[in-house]
$ cat upload_23.cif   # mmCIF, C-alpha atoms and all ligand atoms
data_work
#
loop_
_atom_site.label_atom_id
_atom_site.label_comp_id
_atom_site.auth_asym_id
_atom_site.auth_seq_id
_atom_site.Cartn_x
_atom_site.Cartn_y
_atom_site.Cartn_z
CA MET B 1 128.27 96.12 118.25
CA SER B 2 127.49 94.48 114.93
CA LEU B 3 125.09 92.23 113.09
CA PRO B 4 126.08 90.20 110.00
CA GLY B 5 127.49 92.73 107.51
CA VAL B 6 126.39 95.82 109.48
CA ASP B 7 128.17 97.69 112.28
CA LEU B 8 125.65 99.15 114.70
CA THR B 9 127.37 102.43 115.43
CA LEU B 10 124.26 104.55 116.04
CA ALA B 11 123.06 102.77 119.18
CA ALA B 12 126.52 103.16 120.69
CA ARG B 13 126.49 106.85 119.81
CA TYR B 14 122.93 107.82 120.62
CA ARG B 15 121.36 105.44 123.14
CA ALA B 16 122.44 107.59 126.09
CA GLU B 17 120.54 110.49 124.46
CA PHE B 18 117.31 108.65 125.32
CA PRO B 19 116.82 108.33 129.09
CA ILE B 20 114.02 105.76 128.76
CA PHE B 21 116.70 103.10 128.20
CA GLU B 22 117.96 103.65 131.74
CA HIS B 23 114.92 101.78 133.03
CA ALA B 24 113.14 100.16 130.08
CA THR B 25 113.56 98.23 126.86
CA TYR B 26 111.82 100.54 124.44
CA LEU B 27 110.62 98.84 121.25
CA ASN B 28 107.68 101.01 120.23
CA SER B 29 108.98 103.86 118.04
CA CYS B 30 106.21 103.37 115.49
CA SER B 31 103.70 104.46 118.13
CA LEU B 32 105.83 107.19 119.70
CA GLY B 33 109.51 107.89 119.18
CA ALA B 34 111.54 107.98 122.41
CA LEU B 35 112.14 111.35 124.07
CA SER B 36 115.70 112.61 123.64
CA ARG B 37 117.65 114.84 125.98
CA ARG B 38 117.92 117.27 123.08
CA SER B 39 114.17 117.56 122.66
CA ARG B 40 113.77 118.17 126.38
CA ALA B 41 116.53 120.81 126.28
CA ARG B 42 114.87 122.57 123.35
CA VAL B 43 111.46 122.53 125.09
CA ASN B 44 113.12 123.96 128.21
CA GLU B 45 114.65 126.66 126.04
CA HIS B 46 111.18 127.57 124.81
CA LEU B 47 109.75 127.56 128.34
CA ASP B 48 112.58 129.80 129.57
CA LEU B 49 111.90 132.27 126.77
CA TRP B 50 108.18 132.19 127.43
CA GLU B 51 108.81 132.82 131.14
CA ARG B 52 111.38 135.58 130.65
CA ARG B 53 110.16 137.35 127.56
CA GLY B 54 106.56 136.39 126.97
CA ALA B 55 105.22 137.39 123.57
CA SER B 56 108.24 139.57 122.81
CA ALA B 57 110.09 136.38 121.81
CA TRP B 58 107.75 135.88 118.86
CA TYR B 59 109.35 138.24 116.45
CA ASP B 60 113.07 137.65 116.88
CA THR B 61 113.02 133.99 117.94
CA TRP B 62 109.84 131.92 117.62
CA TRP B 63 108.99 133.10 114.15
CA GLY B 64 112.45 131.91 113.09
CA ALA B 65 111.90 128.55 114.82
CA LEU B 66 108.88 127.93 112.57
CA ALA B 67 110.91 128.70 109.48
CA GLU B 68 113.73 126.50 110.79
CA LEU B 69 111.28 123.64 111.25
CA ARG B 70 109.76 123.96 107.77
CA ALA B 71 113.30 123.88 106.33
CA ALA B 72 114.40 120.90 108.44
CA TYR B 73 111.30 118.88 107.52
CA GLY B 74 111.96 119.79 103.90
CA ARG B 75 115.55 118.49 104.09
CA VAL B 76 114.46 115.19 105.63
CA VAL B 77 112.14 114.42 102.69
CA GLY B 78 114.15 116.12 99.94
CA ALA B 79 111.66 118.95 99.39
CA PRO B 80 112.73 122.28 97.91
CA ALA B 81 112.37 125.50 99.92
CA GLY B 82 108.80 126.73 100.31
CA ALA B 83 107.19 123.35 99.72
CA VAL B 84 106.35 122.47 103.33
CA ALA B 85 103.36 123.55 105.43
CA LEU B 86 103.16 122.96 109.19
CA HIS B 87 100.18 121.14 110.70
CA PRO B 88 99.36 119.82 114.17
CA HIS B 89 98.69 116.27 112.97
CA ILE B 90 98.25 114.19 109.84
CA SER B 91 94.44 114.50 109.87
CA SER B 92 94.75 118.27 109.60
CA ALA B 93 97.25 117.97 106.72
CA LEU B 94 94.84 115.61 104.95
CA ALA B 95 92.00 118.09 105.46
CA ALA B 96 94.03 120.83 103.76
CA VAL B 97 94.46 118.56 100.74
CA SER B 98 90.93 117.20 100.66
CA GLU B 99 89.54 120.73 100.85
CA SER B 100 91.76 121.81 97.94
CA LEU B 101 90.45 119.31 95.41
CA ASP B 102 87.62 119.69 92.93
CA TYR B 103 85.45 116.58 92.98
CA GLY B 104 83.09 117.81 90.26
CA ARG B 105 84.40 115.78 87.31
CA ARG B 106 86.55 113.51 89.47
CA PRO B 107 84.52 112.36 92.48
CA LYS B 108 86.63 109.28 93.27
CA VAL B 109 89.37 108.89 95.89
CA VAL B 110 91.31 105.62 96.11
CA VAL B 111 92.56 104.45 99.52
CA THR B 112 93.49 101.04 100.95
CA SER B 113 92.41 98.78 103.78
CA LEU B 114 95.94 98.91 105.24
CA ASP B 115 96.19 102.68 105.52
CA PHE B 116 95.82 104.31 108.90
CA PRO B 117 92.03 104.85 108.91
CA THR B 118 92.25 108.61 109.35
CA ILE B 119 92.98 108.64 105.59
CA ALA B 120 89.72 106.88 104.68
CA TYR B 121 87.77 108.92 107.24
CA GLN B 122 88.88 112.17 105.63
CA TRP B 123 87.07 111.23 102.43
CA LEU B 124 84.29 109.11 103.89
CA ALA B 125 83.24 112.34 105.62
CA LYS B 126 82.66 113.77 102.15
CA VAL B 127 80.52 110.91 100.81
CA PRO B 128 77.31 112.84 101.63
CA SER B 129 78.58 115.63 99.37
CA GLY B 130 79.24 113.29 96.46
CA VAL B 131 82.77 111.95 96.99
CA GLN B 132 83.20 108.25 96.21
CA VAL B 133 85.75 106.31 98.23
CA GLU B 134 87.22 103.17 96.70
CA LEU B 135 88.87 101.05 99.39
CA LEU B 136 91.39 98.58 97.98
CA GLN B 137 91.30 95.41 100.09
CA SER B 138 94.74 93.98 100.76
CA PRO B 139 94.68 90.29 99.84
CA ASP B 140 97.17 89.27 102.56
CA GLY B 141 97.10 91.97 105.25
CA ILE B 142 100.69 92.87 104.33
CA GLY B 143 100.59 94.86 101.10
CA VAL B 144 98.47 96.04 98.17
CA PRO B 145 99.56 94.87 94.70
CA LEU B 146 100.18 97.67 92.18
CA GLU B 147 97.71 96.01 89.77
CA MET B 148 94.92 96.87 92.22
CA TYR B 149 95.79 100.56 91.88
CA GLU B 150 96.02 100.15 88.09
CA ARG B 151 92.50 98.74 88.03
CA ALA B 152 91.01 101.28 90.45
CA VAL B 153 92.42 104.56 89.14
CA ASP B 154 90.47 105.99 86.23
CA ASP B 155 89.49 109.27 84.60
CA ARG B 156 87.04 109.94 87.44
CA THR B 157 89.73 109.66 90.13
CA ALA B 158 90.79 112.87 91.86
CA LEU B 159 93.34 111.34 94.22
CA VAL B 160 95.12 108.22 95.34
CA ALA B 161 95.81 108.57 99.07
CA THR B 162 97.81 105.83 100.72
CA SER B 163 100.78 105.07 102.99
CA HIS B 164 104.49 104.91 102.32
CA VAL B 165 104.87 102.31 105.10
CA PHE B 166 101.81 100.42 106.34
CA PHE B 167 101.26 100.82 110.06
CA THR B 168 100.21 97.23 110.73
CA SER B 169 102.54 95.31 108.44
CA GLY B 170 105.55 97.59 108.11
CA ALA B 171 105.60 96.91 104.36
CA ILE B 172 107.11 99.72 102.27
CA GLN B 173 104.99 100.67 99.27
CA ASP B 174 106.43 101.68 95.91
CA ALA B 175 105.21 105.28 96.20
CA ALA B 176 106.86 106.27 92.91
CA ALA B 177 104.95 103.58 91.03
CA ILE B 178 101.67 104.57 92.71
CA ALA B 179 102.27 108.21 91.75
CA ARG B 180 102.93 107.15 88.14
CA ILE B 181 99.68 105.16 88.03
CA ALA B 182 97.75 108.16 89.40
CA HIS B 183 99.36 110.64 87.03
CA ARG B 184 98.76 108.48 83.93
CA ARG B 185 95.02 108.94 84.54
CA GLY B 186 95.30 112.61 85.46
CA ALA B 187 94.81 111.97 89.20
CA LEU B 188 96.94 113.28 92.07
CA CYS B 189 98.82 111.20 94.62
CA LEU B 190 99.10 111.79 98.36
CA ILE B 191 101.40 109.67 100.48
CA ASP B 192 101.07 109.39 104.26
CA GLY B 193 104.68 109.01 105.35
CA TYR B 194 104.10 109.07 109.11
CA GLN B 195 105.57 105.55 109.38
CA ALA B 196 108.32 106.20 106.85
CA ALA B 197 110.13 109.56 107.13
CA GLY B 198 113.09 109.13 109.45
CA GLN B 199 113.35 105.35 109.29
CA VAL B 200 113.53 105.06 105.49
CA PRO B 201 115.08 107.52 103.03
CA VAL B 202 112.47 109.72 101.36
CA ASN B 203 112.89 112.05 98.41
CA VAL B 204 109.54 113.50 97.46
CA GLN B 205 110.91 114.87 94.21
CA ALA B 206 112.30 111.50 93.10
CA LEU B 207 109.03 109.82 94.13
CA ASP B 208 107.20 112.51 92.13
CA VAL B 209 104.27 112.51 94.56
CA ASP B 210 101.98 115.54 94.77
CA PHE B 211 101.56 115.54 98.54
CA TYR B 212 103.53 113.90 101.33
CA ALA B 213 102.51 114.13 104.98
CA SER B 214 104.55 113.15 108.01
CA GLY B 215 105.51 114.55 111.39
CA GLY B 216 107.03 114.25 114.82
CA LEU B 217 105.15 111.52 116.62
CA LYS B 218 107.08 108.48 115.50
CA TRP B 219 110.32 108.16 113.57
CA LEU B 220 111.16 111.87 113.52
CA LEU B 221 111.36 111.99 117.31
CA GLY B 222 109.27 115.11 117.82
CA GLY B 223 106.40 113.84 119.96
CA THR B 224 102.79 114.95 119.63
CA GLY B 225 101.33 118.05 118.05
CA VAL B 226 103.60 118.68 115.11
CA ALA B 227 103.35 117.42 111.54
CA PHE B 228 103.84 118.69 108.01
CA LEU B 229 102.51 118.57 104.51
CA TYR B 230 104.73 118.70 101.44
CA ALA B 231 102.95 119.98 98.33
CA ARG B 232 104.52 119.84 94.87
CA PRO B 233 105.63 123.41 94.08
CA GLU B 234 104.17 123.44 90.54
CA LEU B 235 100.82 122.47 91.99
CA VAL B 236 100.76 124.94 94.87
CA PRO B 237 99.55 128.10 93.05
CA SER B 238 96.52 126.20 91.76
CA LEU B 239 95.44 125.13 95.25
CA HIS B 240 92.67 127.20 96.84
CA PRO B 241 91.78 125.36 100.02
CA ARG B 242 88.27 125.70 101.42
CA VAL B 243 89.79 125.70 104.91
CA ALA B 244 91.90 128.70 105.81
CA GLY B 245 93.49 130.66 108.60
CA TRP B 246 95.70 133.68 109.08
CA PHE B 247 98.93 131.67 108.64
CA ALA B 248 97.88 131.09 105.02
CA HIS B 249 97.70 134.84 104.39
CA ARG B 250 100.72 136.32 102.62
CA GLU B 251 100.64 139.39 104.90
CA GLN B 252 99.12 138.02 108.05
CA PHE B 253 100.17 141.01 110.16
CA ARG B 254 98.08 143.35 108.04
CA PHE B 255 95.11 141.87 109.91
CA ASP B 256 92.91 142.68 106.96
CA PRO B 257 89.61 140.77 107.12
CA SER B 258 88.41 142.06 103.75
CA ALA B 259 90.51 139.79 101.51
CA LEU B 260 92.23 136.41 101.79
CA GLU B 261 95.48 136.74 99.86
CA LEU B 262 97.21 133.39 100.05
CA HIS B 263 100.95 132.76 100.24
CA ASP B 264 102.51 131.74 96.94
CA ASP B 265 104.23 128.80 98.61
CA ALA B 266 102.97 125.80 100.60
CA ARG B 267 102.17 127.97 103.60
CA ARG B 268 98.86 128.66 101.85
CA LEU B 269 97.94 125.21 103.20
CA GLU B 270 98.53 126.22 106.83
CA THR B 271 95.82 127.53 109.14
CA GLY B 272 96.63 128.74 112.69
CA THR B 273 99.41 129.17 115.25
CA PRO B 274 101.63 126.08 115.64
CA ALA B 275 102.18 124.64 119.15
CA LEU B 276 105.60 125.96 120.04
CA MET B 277 106.38 123.34 122.67
CA SER B 278 105.92 120.68 120.00
CA VAL B 279 107.91 122.72 117.50
CA TYR B 280 110.84 122.89 119.90
CA ALA B 281 110.65 119.18 120.79
CA GLN B 282 110.68 118.41 117.08
CA LEU B 283 113.67 120.62 116.38
CA GLY B 284 115.62 118.64 119.00
CA GLY B 285 114.59 115.32 117.45
CA LEU B 286 115.34 116.41 113.90
CA GLU B 287 118.81 117.54 114.94
CA ILE B 288 119.56 113.92 115.90
CA ILE B 289 117.94 112.47 112.76
CA GLU B 290 119.94 114.78 110.50
CA GLU B 291 123.16 114.23 112.42
CA ALA B 292 122.77 110.43 112.35
CA GLY B 293 121.63 110.51 108.70
CA VAL B 294 118.61 108.67 107.38
CA ASP B 295 120.72 106.38 105.15
CA ALA B 296 122.70 105.17 108.16
CA ILE B 297 119.50 104.89 110.19
CA ARG B 298 117.94 102.75 107.47
CA ARG B 299 121.03 100.52 107.22
CA GLU B 300 121.05 99.84 110.94
CA THR B 301 117.31 99.58 111.56
CA MET B 302 117.00 97.22 108.59
CA ALA B 303 119.66 94.98 110.15
CA LEU B 304 117.86 95.22 113.50
CA ALA B 305 114.52 94.31 111.91
CA GLU B 306 116.09 91.27 110.25
CA ASP B 307 117.67 90.25 113.55
CA LEU B 308 114.29 90.46 115.26
CA ILE B 309 112.55 88.52 112.49
CA GLU B 310 115.19 85.76 112.50
CA GLY B 311 115.20 85.59 116.30
CA ALA B 312 111.40 85.33 116.36
CA ARG B 313 111.40 82.60 113.71
CA ALA B 314 114.10 80.68 115.58
CA ARG B 315 111.75 80.60 118.59
CA GLY B 316 108.80 79.34 116.56
CA LEU B 317 107.02 82.67 116.19
CA SER B 318 105.88 83.57 112.67
CA PRO B 319 106.30 87.31 112.14
CA LYS B 320 103.87 88.85 109.65
CA VAL B 321 106.17 90.87 107.41
CA ALA B 322 106.67 91.55 103.69
CA PRO B 323 108.24 88.58 101.85
CA ALA B 324 111.33 90.52 100.61
CA ALA B 325 113.67 92.15 103.15
CA ALA B 326 113.99 95.27 100.96
CA ASP B 327 110.24 95.86 101.33
CA ARG B 328 110.30 95.59 105.10
CA SER B 329 110.67 98.46 107.52
CA ALA B 330 111.37 98.31 111.24
CA ILE B 331 107.79 97.39 112.14
CA VAL B 332 107.57 93.70 112.98
CA MET B 333 104.25 92.05 113.74
CA LEU B 334 104.38 89.02 116.05
CA PRO B 335 101.14 87.00 116.02
CA SER B 336 99.42 86.77 119.39
CA ALA B 337 96.03 85.42 120.50
CA GLU B 338 95.75 88.08 123.20
CA PRO B 339 97.99 91.00 122.20
CA HIS B 340 96.65 93.52 124.73
CA ALA B 341 97.28 91.20 127.67
CA VAL B 342 100.75 90.31 126.38
CA VAL B 343 101.67 93.96 125.79
CA LYS B 344 100.51 94.77 129.32
CA ARG B 345 102.60 91.95 130.82
CA LEU B 346 105.59 93.08 128.76
CA ALA B 347 105.14 96.63 130.02
CA GLU B 348 105.09 95.34 133.59
CA ALA B 349 108.47 93.79 132.79
CA ARG B 350 109.48 97.21 131.38
CA ILE B 351 109.54 96.05 127.77
CA ILE B 352 107.47 98.54 125.79
CA THR B 353 105.68 97.29 122.66
CA ASP B 354 102.18 97.81 121.29
CA ALA B 355 99.08 95.77 120.48
CA ARG B 356 97.31 95.69 117.15
CA PRO B 357 94.57 93.20 116.18
CA GLY B 358 96.03 89.68 116.45
CA HIS B 359 99.59 90.91 116.94
CA VAL B 360 102.18 92.36 119.24
CA ARG B 361 103.74 95.19 117.24
CA VAL B 362 107.45 95.69 117.76
CA SER B 363 109.40 98.54 116.23
CA PRO B 364 113.14 98.81 116.89
CA TYR B 365 114.97 101.99 115.90
CA PHE B 366 118.58 103.05 115.64
CA TYR B 367 118.87 103.34 119.44
CA ASN B 368 117.98 99.68 119.92
CA THR B 369 120.33 96.71 120.11
CA PRO B 370 120.04 92.96 119.48
CA ASP B 371 120.02 92.56 123.28
CA ASP B 372 116.68 94.40 123.36
CA HIS B 373 115.31 91.75 120.99
CA ARG B 374 116.71 88.92 123.14
CA ALA B 375 114.96 90.39 126.20
CA LEU B 376 111.64 90.57 124.32
CA LEU B 377 111.87 87.13 122.72
CA GLU B 378 112.97 85.50 125.95
CA PHE B 379 109.78 86.86 127.50
CA LEU B 380 107.50 85.89 124.58
CA ALA B 381 108.91 82.44 123.84
CA PRO B 382 111.25 81.36 126.67
C1 LIG V 401 100.42 106.08 109.10
C2 LIG V 401 99.73 106.92 110.14
N1 LIG V 401 99.06 108.02 109.75
C3 LIG V 401 98.44 108.81 110.64
C4 LIG V 401 98.46 108.52 111.98
C5 LIG V 401 97.79 109.43 112.97
O1 LIG V 401 97.18 110.53 112.41
P1 LIG V 401 97.00 111.89 113.26
O2 LIG V 401 98.35 112.57 113.27
O3 LIG V 401 96.00 112.65 112.54
O4 LIG V 401 96.58 111.51 114.63
C6 LIG V 401 99.14 107.35 112.43
C7 LIG V 401 99.24 106.94 113.84
O5 LIG V 401 99.21 107.65 114.81
C8 LIG V 401 99.78 106.55 111.47
O6 LIG V 401 100.44 105.43 111.83
#

$ encode --input "upload_23.cif" --output "structure tokens" --more "lines below"
Ligand SMILES: Cc1ncc(COP(=O)(O)O)c(C=O)c1O
Amino acid sequence: MSLPGVDLTLAARYRAEFPIFEHATYLNSCSLGALSRRSRARVNEHLDLWERRGASAWYDTWWGALAELRAAYGRVVGAPAGAVALHPHISSALAAVSESLDYGRRPKVVVTSLDFPTIAYQWLAKVPSGVQVELLQSPDGIGVPLEMYERAVDDRTALVATSHVFFTSGAIQDAAAIARIAHRRGALCLIDGYQAAGQVPVNVQALDVDFYASGGLKWLLGGTGVAFLYARPELVPSLHPRVAGWFAHREQFRFDPSALELHDDARRLETGTPALMSVYAQLGGLEIIEEAGVDAIRRETMALAEDLIEGARARGLSPKVAPAAADRSAIVMLPSAEPHAVVKRLAEARIITDARPGHVRVSPYFYNTPDDHRALLEFLAP
């Protein structure tokens, strides 16, 4: 299978790993990545251990699975060892950061109207205690010009918190440039990469961001309940979060309630016991992501996104996407007057997409093919 200039080798290799394609056209990875046979096998492995060995599996097996997951997440975003903390979801990762900052001299946090709102909520919840949230309004619903960050970030800014890929436009932000703008004024930069890691190459060290959060739900194929927070190693020792738990303690099995001695590494930003079922599902998904390679995934999903955009335009639809192909990810917004009804009708025809205000949101991944697009477009604009 190929598209102009790009051989689609990954769909041929991996589609059979995802049983949903036996009965559906799945085009909704940006809501929930498809379940792989490998994730199911790894979850079964966990269940078998739980059944056979109960808690005795903690010390020689499950503890190691947590370390394996921190390391695998680290590899996917180019983080050095010890720079990744596990969390159950992005909101919890954001809380660890927001509760580590000092808002005394720098009360301001800059976010944007296109970020997933859980970012803004994290700091809006702190407005009563003096935090000021500056919400940058996207002029076009697609992106946020860098000049807006330049104007907003000042000596009173503690943090810029925004997305790597916007969840309703698919536009890729220049995270490195945003980090530079923040750092020039002495502020920190947090990037929510939930819509990026997996589908676009990420190197947190090259981006020079201070925090990067992502997780299993979408493009990393791990399902619900498992996420992570990268924290820049040089910054970590200075972080003293006002939320804590025994996983942050450097000797958690001392069970000593008299003193909180934090890990030296990013685990100081963890709190409690991770959900092992989710951890195992994620390990299965990450095995595929690493095997396929994020560069190859990007090459093929970029070609698929362009195919979808061109096909939609050819049928008179006007996808809302970033103007330049290089700034687009595999999230394609197709305008619709009644997106929920259309998404429901599509689902009845076993074509799985999602609804967002004014749009049907379509997100092909490396397991999709141009035929999936034809099936969708034929339905939307016969
Ligand atoms: C960019 C982004 N961030 C965060 C979330 C969700 O946050 P949480 O993991 O806290 O539910 C989503 C969607 O589920 C998202 O698209």

$ residues_around --input "upload_23.cif" --residues "region 342-357 of chain B" --least-positions-apart "4" --cutoff "10 Å" --atoms "only C-alpha atoms" --output "list in words"
Phe21, His23, Ala24, Thr25, Tyr26, Leu27, Asn28, Ser29, Cys30, Ser31, Phe167, Thr168, Met333, Leu334, Pro335, Ser336, Ala337, Glu338, Arg361, Val362, Ser363, Pro364, Asp372, His373, Ala375, Leu376, Phe379 and Leu380 of chain B

$ residues_near_ligand --input "upload_23.cif" --ligand "ligand LIG 401 (chain V)" --cutoff "6 Å" --atoms "all atoms listed in the file" --output "count of residues only"
8

$ residues_around --input "upload_23.cif" --residues "Thr224 (chain B)" --least-positions-apart "6" --cutoff "7 Å" --atoms "only C-alpha atoms" --output "compact mmCIF listing (two decimals) with C-alpha atoms, in the frame of the given file"
# COMPACT_ATOMS: atom_id res chain seq x y z
CA GLY B 216 107.03 114.25 114.82
CA LEU B 217 105.15 111.52 116.62
CA SER B 278 105.92 120.68 120.00

$ closest_residue --input "upload_23.cif" --among "B:Leu239, B:Tyr73, B:Gly186, B:Ile142" --to "Asn203 (chain B)" --atoms "only C-alpha atoms"
B:Tyr73

$ atom_distance --input "upload_23.cif" --atom1 "CA of Glu134 (chain B)" --atom2 "CA of Lys108 (chain B)"
7.0 Å

$ closest_residue --input "upload_23.cif" --among "B:Pro370, B:Pro80, B:Gly272, B:Gly223" --to "Val43 (chain B)" --atoms "all atoms listed in the file"
B:Gly223

$ residues_around --input "upload_23.cif" --residues "Glu261 (chain B)" --least-positions-apart "4" --cutoff "12 Å" --atoms "only C-alpha atoms" --output "list in words"
Pro237, His240, Pro241, Ala244, Gly245, Trp246, Phe247, Ala248, His249, Arg250, Glu251, Gln252, Arg254, Phe255, Asp256, Pro257, Asp265, Arg267 and Arg268 of chain B

$ residues_near_point --input "upload_23.cif" --point "(99.7, 117.5, 107.3)" --cutoff "12 Å" --atoms "only C-alpha atoms" --output "JSON, numbers by chain"
{"B": [70, 73, 84, 85, 86, 87, 88, 89, 90, 91, 92, 93, 94, 95, 96, 97, 98, 118, 119, 190, 191, 192, 193, 194, 211, 212, 213, 214, 215, 216, 225, 226, 227, 228, 229, 230, 231, 266, 267, 269, 270, 271]}

$ residues_around --input "upload_23.cif" --residues "Asp307 (chain B)" --least-positions-apart "4" --cutoff "9 Å" --atoms "all atoms listed in the file" --output "JSON, numbers by chain"
{"B": [3, 302, 303, 311, 312, 370, 373]}

$ residues_around --input "upload_23.cif" --residues "region 282-287 of chain B" --least-positions-apart "2" --cutoff "8 Å" --atoms "only C-alpha atoms" --output "list in words"
Ser36, Arg38, Ser39, Arg40, Ala41, Arg42, Leu69, Ala72, Tyr73, Gly216, Leu220, Leu221, Gly222, Gly223, Val226, Ser278, Val279, Tyr280, Ile289, Glu290 and Glu291 of chain B

$ closest_residue --input "upload_23.cif" --among "B:Val76, B:Ala158, B:Leu32, B:Ala57" --to "Ala292 (chain B)" --atoms "all atoms listed in the file"
B:Val76

$ closest_residue --input "upload_23.cif" --among "B:Ala341, B:Ala79, B:Val200, B:Val209" --to "Arg180 (chain B)" --atoms "only C-alpha atoms"
B:Val209

$ closest_residue --input "upload_23.cif" --among "B:Ile178, B:Met148, B:Leu188, B:Trp62" --to "Tyr103 (chain B)" --atoms "only C-alpha atoms"
B:Leu188

$ atom_distance --input "upload_23.cif" --atom1 "CA of Val321 (chain B)" --atom2 "CA of Ala34 (chain B)"
23.4 Å

$ atom_distance --input "upload_23.cif" --atom1 "CA of Leu146 (chain B)" --atom2 "CA of Trp123 (chain B)"
21.5 Å

$ closest_residue --input "upload_23.cif" --among "B:Ala65, B:Leu101, B:Ala326, B:Ala259" --to "Val243 (chain B)" --atoms "only C-alpha atoms"
B:Leu101

$ build_atoms --input "upload_23.cif" --residues "region 360-366 of chain B" --atoms "all heavy atoms" --output "short mmCIF file (atom, residue, chain, number, x, y, z; two decimals), in the frame of the given file"
data_model
loop_
_atom_site.label_atom_id
_atom_site.label_comp_id
_atom_site.auth_asym_id
_atom_site.auth_seq_id
_atom_site.Cartn_x
_atom_site.Cartn_y
_atom_site.Cartn_z
N VAL B 360 101.36 91.43 118.47
CA VAL B 360 102.18 92.36 119.24
C VAL B 360 103.05 93.09 118.21
O VAL B 360 103.73 92.45 117.40
CB VAL B 360 103.07 91.60 120.25
CG1 VAL B 360 104.04 92.55 120.93
CG2 VAL B 360 102.19 90.90 121.29
N ARG B 361 102.97 94.42 118.23
CA ARG B 361 103.74 95.19 117.24
C ARG B 361 105.03 95.69 117.89
O ARG B 361 105.01 96.32 118.92
CB ARG B 361 102.90 96.35 116.73
CG ARG B 361 103.56 97.10 115.58
CD ARG B 361 102.64 98.16 115.00
NE ARG B 361 102.42 99.26 115.91
CZ ARG B 361 101.85 100.42 115.57
NH1 ARG B 361 101.45 100.60 114.33
NH2 ARG B 361 101.68 101.38 116.44
N VAL B 362 106.13 95.37 117.22
CA VAL B 362 107.45 95.69 117.76
C VAL B 362 108.18 96.56 116.74
O VAL B 362 108.19 96.25 115.55
CB VAL B 362 108.27 94.40 118.01
CG1 VAL B 362 109.58 94.72 118.72
CG2 VAL B 362 107.45 93.39 118.81
N SER B 363 108.75 97.65 117.21
CA SER B 363 109.40 98.54 116.23
C SER B 363 110.73 99.08 116.77
O SER B 363 110.77 100.10 117.44
CB SER B 363 108.45 99.69 115.86
OG SER B 363 107.87 100.28 117.01
N PRO B 364 111.82 98.35 116.48
CA PRO B 364 113.14 98.81 116.89
C PRO B 364 113.58 100.01 116.06
O PRO B 364 113.14 100.17 114.91
CB PRO B 364 114.04 97.60 116.61
CG PRO B 364 113.34 96.83 115.54
CD PRO B 364 111.86 97.08 115.74
N TYR B 365 114.44 100.83 116.64
CA TYR B 365 114.97 101.99 115.90
C TYR B 365 116.47 102.02 116.12
O TYR B 365 117.04 101.15 116.77
CB TYR B 365 114.27 103.26 116.40
CG TYR B 365 114.22 104.39 115.39
CD1 TYR B 365 114.44 104.17 114.03
CD2 TYR B 365 113.93 105.69 115.79
CE1 TYR B 365 114.36 105.21 113.12
CE2 TYR B 365 113.85 106.74 114.88
CZ TYR B 365 114.07 106.49 113.54
OH TYR B 365 113.99 107.51 112.62
N PHE B 366 117.11 103.06 115.63
CA PHE B 366 118.58 103.05 115.64
C PHE B 366 119.18 103.04 117.04
O PHE B 366 120.35 102.75 117.22
CB PHE B 366 119.12 104.25 114.83
CG PHE B 366 118.76 105.59 115.40
CD1 PHE B 366 119.57 106.20 116.34
CD2 PHE B 366 117.60 106.25 115.00
CE1 PHE B 366 119.23 107.43 116.88
CE2 PHE B 366 117.26 107.48 115.53
CZ PHE B 366 118.08 108.08 116.47
#
